[in-house]
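Below is one structure, written out as structure tokens; the observations come after it.
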Amino acid sequence: MSFNFSSINLWCNKNLVDLEFAIWEILKFSDKFPINYFENPEDEEVEYVIINTCGFLSSSREESEMTIKYFDDLWKKIIILGCYISVKNEEFLSGLKNLYKIIPFINYEIIEDIIFDRKKAKFTLNKEKILDLKKIWWNQINTKAFVWKSDKVRAYMNAPFWYEYLKIAEGCDNNCTFCIIPKIRGRQKSRTIEDIVAEVKIMLDNWIKEIILIAQDTTRYWVDLYSEPKLIELLEEIEKINWDFKYRLLYMYPDNLTLINLEKLKTFKKFIPYFDIPFQHISEHILKKMWRFYDKKHITNLLDFIKNNFPSYHLRTAFIVWFPGETKEDLQELKEFIQKYSFDSIALFEYHDEALAASSKLPEKVPQKTALNRIKELDIVINNIYSKKNKSDKWKKFTGFIMDYDTKKAIVRRELKAPEIDEYDNVPFSKITWNIEIWEKVEYKL
């Protein structure tokens with residue numbers, strides 16, 4: 001009796017961490033009978049497919065359903081994990097031919113059932129089961145006891161590329177009007193510093209060189225436990241670990257990011273100066289509608305400090321265009337702001353109503369034709385910035401990691417750039433200098 005399975009992760013890297021824990025919980029039973037993991041979920045030997053879903057946007061829910069339906073039609077036994085479960089379409093799930101198991105959030109007992117309860121080939125979904133699943137989901141996302149402990153090793157899927165994600169908190173307390181994460185994942189629940197440091201050491205023992213700290217809002221770390229942020233205190237403990245590694249932070253919301261924080265970050269030796277700060281807009285009246293509690297002065301103070309105090313840095317942000325009430329003047333203000341600060345990476349999102357989000361009830365919706373024109377305007381501005389940066393980078397030397405290669409060239413990720421987010425460089429082997437001491441890093445001329 002063997003268990004042949006594969007997996008698919010949809011959307012965010014926070015989801016990926018959940019999936020890695022789930023995979024390891026399955027693999028640990030391999031001493032009892034053969035358990036085989038396949039990279040390709042379409043492989044004919046794969047019997048079970050874990051689909052780690054997203055429910056953040058209507059488009060992500062559609063993608064989750066399309067992916068589930070595709071593998072259901074391939075007659076794979078479907079195991080559904082992730083956020084889609086909390087906003088699922090019961091009628092869609094009831095119509096599946098091969099639904100094997102639904103795992104509400106991270107429930108290790110149910111993951112164990114996947115292995116030892118395989119007599120039932122089909123998971124039957126009825127009203128009673130739906131209510132049970134919702135109850136289990138909400139009990140877990142609202143508990144103060146965080147489900148992962150430092151003795152939990154996971155399947156480090158990015159270890160071959162020397163990096164991995166580490167989740168420091170779950171859930172969110174921000175309640176932005178356009179976001180339903182608190183409804184899906186519950187309120188913020190931070191892990192303890194001791195627990196996180198213990199996992200960092202496990203990751204280093206597995207030869208991971210770059211650790212990426214993530215949460216829905218990393219700057220709000222520990223506010224749920226002690227009513228004040230303790231991110232800097234966490235990083236101070238990570239800095240003390242005597243090992244050759246680096247770490248970066250993602251999702252630094254502006255509310256709790258201060259000049260004092262940045263001053264401290266400047267002194268940390270292992271910190272990669274990658275600033276992922278999703279401002280969402282610059283117009284103060286739009287920020288208020290979004291329930292983003294900071295103003296333009298706070299934003300510009302942060303950016304000016306970074307530009308003036310870090311010799312090298314990477315600035316990434318996100319903006320939502322055509323939010324309800326956005327005027328021509330708001331767009332112009334945003335355009336000038338983008339031009340002034342020349343961000344290294346910008347995620348541009350088109351606003352659309354989410355039924356569960358408070359912003360869907362706001363008046364003054366922007367007509368779609370106007371909205372599309374605004375996107376085009378901003379695209380021109382952003383592409384001009386990228387073009388200038390690419391020209392200025394030509395002939396400069398960079399240090400990076402080889403992500404892929406063929407006989408003539410390599411795909412290299414600059415050390416400053418984040419994996420899976422920023423674009424990589426395509427470099428001929430003749431332009432690469434190999435570092436003998438740390439062979440996985442290379443220096444190259446662009």
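We label chains A, B, ... in the order they appear in the structure tokens, count residues from 1 in each chain, and number ligands from 1 in the order shown.
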
Mind checking which residues fall within 12 Å of A:Lys441, counting only C-alpha atoms, ignoring those fewer than 4 positions away in the same chain, and posting them as number ranges by chain?
A: 161-162, 209-210, 398-403, 412-415, 432-437

Using only C-alpha atoms, please write the residues we just selected to a file, as a short mmCIF file (atom, residue, chain, number, x, y, z; two decimals), in the first residue's frame.
```cif
data_model
loop_
_atom_site.label_atom_id
_atom_site.label_comp_id
_atom_site.auth_asym_id
_atom_site.auth_seq_id
_atom_site.Cartn_x
_atom_site.Cartn_y
_atom_site.Cartn_z
CA PHE A 161 17.53 27.90 -4.30
CA TRP A 162 18.94 28.72 -0.82
CA LYS A 209 21.03 31.03 3.33
CA GLU A 210 18.25 33.59 3.01
CA PHE A 398 26.13 42.49 -9.04
CA THR A 399 26.18 39.53 -6.67
CA GLY A 400 23.39 37.00 -7.11
CA PHE A 401 22.14 33.42 -7.05
CA ILE A 402 21.81 31.16 -10.10
CA MET A 403 18.16 30.12 -10.39
CA VAL A 412 20.49 35.02 -11.93
CA ARG A 413 18.62 36.65 -9.05
CA ARG A 414 20.38 39.68 -7.63
CA GLU A 415 21.03 39.33 -3.91
CA ILE A 432 29.93 35.48 -14.45
CA THR A 433 32.69 35.22 -11.84
CA TRP A 434 32.32 32.25 -9.52
CA ASN A 435 32.85 32.73 -5.81
CA ILE A 436 35.06 29.82 -4.67
CA GLU A 437 34.33 30.09 -0.93
#
```

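By only C-alpha atoms, and with residues fewer than 2 positions from A:Trp222 along its chain excluded, the set lying at most 8 Å from it is A:Lys189, A:Ser190, A:Arg191, A:Thr192, A:Arg220, A:Asp224, A:Leu225, A:Tyr226, A:Ser227, A:Glu228, A:Pro229, A:Lys230, A:Leu231.
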
So that each row is one residue of stretch 137-236 of chain A with an atom at most 12 Å from stretch 262-282 of chain A, can you give its shortest atom pair and the distance in Å to one decimal, using only C-alpha atoms, rows by chain and rising number, as a tab-separated table?
```
residue	atom	partner	partner_atom	distance
A:Cys176	CA	A:Gln280	CA	10.5
A:Thr177	CA	A:Gln280	CA	11.8
A:Phe178	CA	A:Gln280	CA	10.4
A:Cys179	CA	A:Gln280	CA	11.8
A:Lys209	CA	A:Lys270	CA	10.7
A:Glu210	CA	A:Ile272	CA	9.3
A:Ile211	CA	A:Phe271	CA	9.9
A:Ile212	CA	A:Ile272	CA	9.7
A:Leu213	CA	A:Phe271	CA	10.8
A:Ile214	CA	A:Asp276	CA	10.7
A:Gln216	CA	A:Pro278	CA	11.2
A:Asp217	CA	A:Ile277	CA	9.8
A:Thr218	CA	A:Ile277	CA	10.3
A:Thr219	CA	A:Ile277	CA	10.0
A:Leu231	CA	A:Leu265	CA	10.5
A:Ile232	CA	A:Lys264	CA	7.6
A:Glu233	CA	A:Lys264	CA	10.2
A:Leu234	CA	A:Leu265	CA	11.8
A:Leu235	CA	A:Phe268	CA	8.3
A:Glu236	CA	A:Phe268	CA	7.9
```

Please produce a file of those selected residues containing N, CA and C atoms, as a CSV table (one decimal), in the first residue's frame.
```csv
chain,number,residue,atom,x,y,z
A,176,CYS,N,-8.5,47.0,6.6
A,176,CYS,CA,-8.6,47.9,5.5
A,176,CYS,C,-9.9,47.6,4.8
A,177,THR,N,-10.5,48.6,4.3
A,177,THR,CA,-11.9,48.5,3.7
A,177,THR,C,-12.0,47.6,2.5
A,178,PHE,N,-10.8,47.5,1.8
A,178,PHE,CA,-10.8,46.7,0.5
A,178,PHE,C,-10.4,45.2,0.7
A,179,CYS,N,-10.1,44.8,2.0
A,179,CYS,CA,-9.5,43.5,2.2
A,179,CYS,C,-10.4,42.7,3.1
A,209,LYS,N,20.2,29.9,3.2
A,209,LYS,CA,21.0,31.0,3.3
A,209,LYS,C,20.3,32.3,3.5
A,210,GLU,N,19.0,32.4,3.0
A,210,GLU,CA,18.3,33.6,3.0
A,210,GLU,C,16.9,33.3,3.6
A,211,ILE,N,16.5,33.9,4.7
A,211,ILE,CA,15.3,33.7,5.3
A,211,ILE,C,14.4,34.9,5.1
A,212,ILE,N,13.2,34.7,4.6
A,212,ILE,CA,12.3,35.8,4.3
A,212,ILE,C,11.1,35.8,5.3
A,213,LEU,N,11.1,36.8,6.2
A,213,LEU,CA,10.1,36.9,7.3
A,213,LEU,C,8.8,37.5,6.7
A,214,ILE,N,7.7,36.8,6.9
A,214,ILE,CA,6.5,37.2,6.4
A,214,ILE,C,5.4,37.1,7.4
A,216,GLN,N,0.9,38.9,7.5
A,216,GLN,CA,0.1,39.8,6.8
A,216,GLN,C,0.5,41.3,7.0
A,217,ASP,N,1.1,41.5,8.2
A,217,ASP,CA,1.7,42.8,8.5
A,217,ASP,C,2.9,42.6,9.5
A,218,THR,N,4.1,42.5,8.9
A,218,THR,CA,5.2,42.2,9.8
A,218,THR,C,5.5,43.3,10.8
A,219,THR,N,5.2,44.5,10.5
A,219,THR,CA,5.5,45.6,11.4
A,219,THR,C,4.6,45.6,12.6
A,231,LEU,N,8.8,44.0,16.6
A,231,LEU,CA,9.6,43.4,15.4
A,231,LEU,C,11.1,43.7,15.6
A,232,ILE,N,11.5,44.8,16.0
A,232,ILE,CA,12.9,45.1,16.2
A,232,ILE,C,13.5,44.2,17.2
A,233,GLU,N,12.8,43.9,18.3
A,233,GLU,CA,13.3,43.0,19.3
A,233,GLU,C,13.5,41.6,18.8
A,234,LEU,N,12.6,41.2,17.9
A,234,LEU,CA,12.7,39.9,17.2
A,234,LEU,C,14.0,39.9,16.4
A,235,LEU,N,14.2,40.9,15.6
A,235,LEU,CA,15.3,41.0,14.7
A,235,LEU,C,16.7,41.0,15.4
A,236,GLU,N,16.7,41.7,16.6
A,236,GLU,CA,17.9,41.7,17.4
A,236,GLU,C,18.3,40.3,17.8
```

Quick one: everything within 12 Å of A:Asn390, counting only C-alpha atoms, minus sequence neighbours fewer than 5 positions away in the same chain. Send it as a ChimeraX atom specification.
/A:344,383-385,395-396,423-425,446

For the residues in that selection, give me C-alpha atoms as a tab-separated table (two decimals), in the first residue's frame.
```
chain	number	residue	atom	x	y	z
A	344	ASP	CA	12.28	49.68	-7.97
A	383	ASN	CA	7.61	51.53	-17.55
A	384	ASN	CA	9.64	54.73	-18.09
A	385	ILE	CA	11.08	54.37	-14.58
A	395	TRP	CA	27.80	47.24	-17.17
A	396	LYS	CA	27.51	47.31	-13.37
A	423	GLU	CA	12.59	40.08	-12.25
A	424	TYR	CA	15.79	38.08	-12.69
A	425	ASP	CA	18.77	38.81	-14.94
A	446	LEU	CA	25.02	43.08	-16.51
```

Could you find all residues in stretch 129-294 of chain A that DSSP calls strand (DSSP E or B) from the backbone, and write them as a count of residues only?
23

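Shortest separation to A:Lys289 among A:Ala358, A:Ile241, A:Ile114, A:Val321 occurs at residue A:Ala358, atoms counted being only C-alpha atoms.
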
Closest of A:Cys54, A:Ile196, A:Ile286, A:Ala155 to A:Ile184 - atom-to-atom distances counting only C-alpha atoms
A:Cys54

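Nearest-residue note for A:Leu416: choosing from A:Leu249, A:Cys83, A:Leu348, A:Leu99, the minimum distance belongs to A:Leu249, counting only C-alpha atoms.
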
Test item, helix (DSSP H, G or I) assignment across stretch 18-123 of chain A, answer as JSON, numbers by chain
{"A": [18, 19, 20, 21, 22, 23, 24, 25, 26, 27, 28, 29, 30, 31, 58, 59, 60, 61, 62, 63, 64, 65, 66, 67, 68, 69, 70, 71, 72, 73, 83, 84, 85, 86, 87, 90, 91, 92, 93, 94, 108, 109, 110, 111, 112, 113, 114, 115, 116]}

Straight-line distance linking atom CA of A:Asp31 with atom CA of A:Val49, stated in Å to one decimal:
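Computing the Euclidean distance for atom CA of A:Asp31 and atom CA of A:Val49 yields 21.0 Å.
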
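Here atom CA of A:Pro34 and atom CA of A:Met1 stand 7.1 Å from one another.
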
For A:Phe29, please output as a ChimeraX atom specification all residues within 12 Å (counting only C-alpha atoms; exclusion window: fewer than 3 positions along the same chain).
/A:2-3,23-26,32-36,111-116

Let me see the file: selected residues, N, CA and C atoms, as a PDB file, in the first residue's frame.
```
ATOM      1  N   SER A   2       0.773   2.068  -1.031  1.00  0.00           N
ATOM      2  CA  SER A   2       1.587   3.282  -1.132  1.00  0.00           C
ATOM      3  C   SER A   2       0.674   4.502  -1.208  1.00  0.00           C
ATOM      4  N   PHE A   3       1.287   5.661  -0.965  1.00  0.00           N
ATOM      5  CA  PHE A   3       0.556   6.926  -1.027  1.00  0.00           C
ATOM      6  C   PHE A   3       1.328   7.848  -1.956  1.00  0.00           C
ATOM      7  N   ILE A  23       2.700  19.019   3.860  1.00  0.00           N
ATOM      8  CA  ILE A  23       3.453  17.978   3.141  1.00  0.00           C
ATOM      9  C   ILE A  23       4.342  17.200   4.109  1.00  0.00           C
ATOM     10  N   TRP A  24       4.998  17.924   5.024  1.00  0.00           N
ATOM     11  CA  TRP A  24       5.892  17.238   5.965  1.00  0.00           C
ATOM     12  C   TRP A  24       5.095  16.334   6.909  1.00  0.00           C
ATOM     13  N   GLU A  25       3.898  16.771   7.291  1.00  0.00           N
ATOM     14  CA  GLU A  25       3.067  15.951   8.167  1.00  0.00           C
ATOM     15  C   GLU A  25       2.695  14.634   7.493  1.00  0.00           C
ATOM     16  N   ILE A  26       2.597  14.656   6.169  1.00  0.00           N
ATOM     17  CA  ILE A  26       2.327  13.424   5.427  1.00  0.00           C
ATOM     18  C   ILE A  26       3.593  12.584   5.297  1.00  0.00           C
ATOM     19  N   LYS A  32       6.105   3.938   7.889  1.00  0.00           N
ATOM     20  CA  LYS A  32       5.053   2.931   8.052  1.00  0.00           C
ATOM     21  C   LYS A  32       4.700   2.247   6.729  1.00  0.00           C
ATOM     22  N   PHE A  33       4.731   3.000   5.623  1.00  0.00           N
ATOM     23  CA  PHE A  33       4.509   2.434   4.294  1.00  0.00           C
ATOM     24  C   PHE A  33       5.004   3.444   3.268  1.00  0.00           C
ATOM     25  N   PRO A  34       5.182   3.035   2.000  1.00  0.00           N
ATOM     26  CA  PRO A  34       5.770   3.937   0.996  1.00  0.00           C
ATOM     27  C   PRO A  34       4.921   5.181   0.742  1.00  0.00           C
ATOM     28  N   ILE A  35       5.537   6.344   0.917  1.00  0.00           N
ATOM     29  CA  ILE A  35       4.888   7.615   0.585  1.00  0.00           C
ATOM     30  C   ILE A  35       5.780   8.326  -0.421  1.00  0.00           C
ATOM     31  N   ASN A  36       5.238   8.675  -1.571  1.00  0.00           N
ATOM     32  CA  ASN A  36       6.032   9.262  -2.642  1.00  0.00           C
ATOM     33  C   ASN A  36       5.453  10.615  -3.052  1.00  0.00           C
ATOM     34  N   ILE A 111      -4.991  16.013   8.669  1.00  0.00           N
ATOM     35  CA  ILE A 111      -3.913  15.614   7.758  1.00  0.00           C
ATOM     36  C   ILE A 111      -3.524  14.155   8.007  1.00  0.00           C
ATOM     37  N   GLU A 112      -3.520  13.757   9.265  1.00  0.00           N
ATOM     38  CA  GLU A 112      -3.217  12.359   9.609  1.00  0.00           C
ATOM     39  C   GLU A 112      -4.300  11.433   9.054  1.00  0.00           C
ATOM     40  N   ASP A 113      -5.545  11.902   9.067  1.00  0.00           N
ATOM     41  CA  ASP A 113      -6.642  11.100   8.516  1.00  0.00           C
ATOM     42  C   ASP A 113      -6.460  10.827   7.026  1.00  0.00           C
ATOM     43  N   ILE A 114      -5.794  11.746   6.335  1.00  0.00           N
ATOM     44  CA  ILE A 114      -5.552  11.554   4.904  1.00  0.00           C
ATOM     45  C   ILE A 114      -4.820  10.238   4.667  1.00  0.00           C
ATOM     46  N   ILE A 115      -3.890   9.942   5.555  1.00  0.00           N
ATOM     47  CA  ILE A 115      -3.077   8.735   5.413  1.00  0.00           C
ATOM     48  C   ILE A 115      -3.834   7.489   5.849  1.00  0.00           C
ATOM     49  N   PHE A 116      -4.557   7.582   6.962  1.00  0.00           N
ATOM     50  CA  PHE A 116      -5.104   6.365   7.580  1.00  0.00           C
ATOM     51  C   PHE A 116      -6.595   6.152   7.340  1.00  0.00           C
TER      52      PHE A 116
END
```

Pick from A:Phe56, A:Phe337, A:Tyr313, A:Phe71 nearest to A:Ser86, counting only C-alpha atoms
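Closest to A:Ser86 of all the choices is A:Phe56.
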
For each of A:Lys14, A:Gly55, A:Glu91, A:Tyr156, take the minimum atom-to-atom distance to A:Glu170, counting only C-alpha atoms, then give the residue where this is smallest.
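When distances to A:Glu170 are compared using only C-alpha atoms, the smallest one comes from A:Lys14.
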
Test item: residues at most 12 Å from A:Met66, only C-alpha atoms, excluding those fewer than 3 positions along its chain, as an MDAnalysis selection string
chainID A and resid 10 51 53:54 59:63 69:73 92:93 96
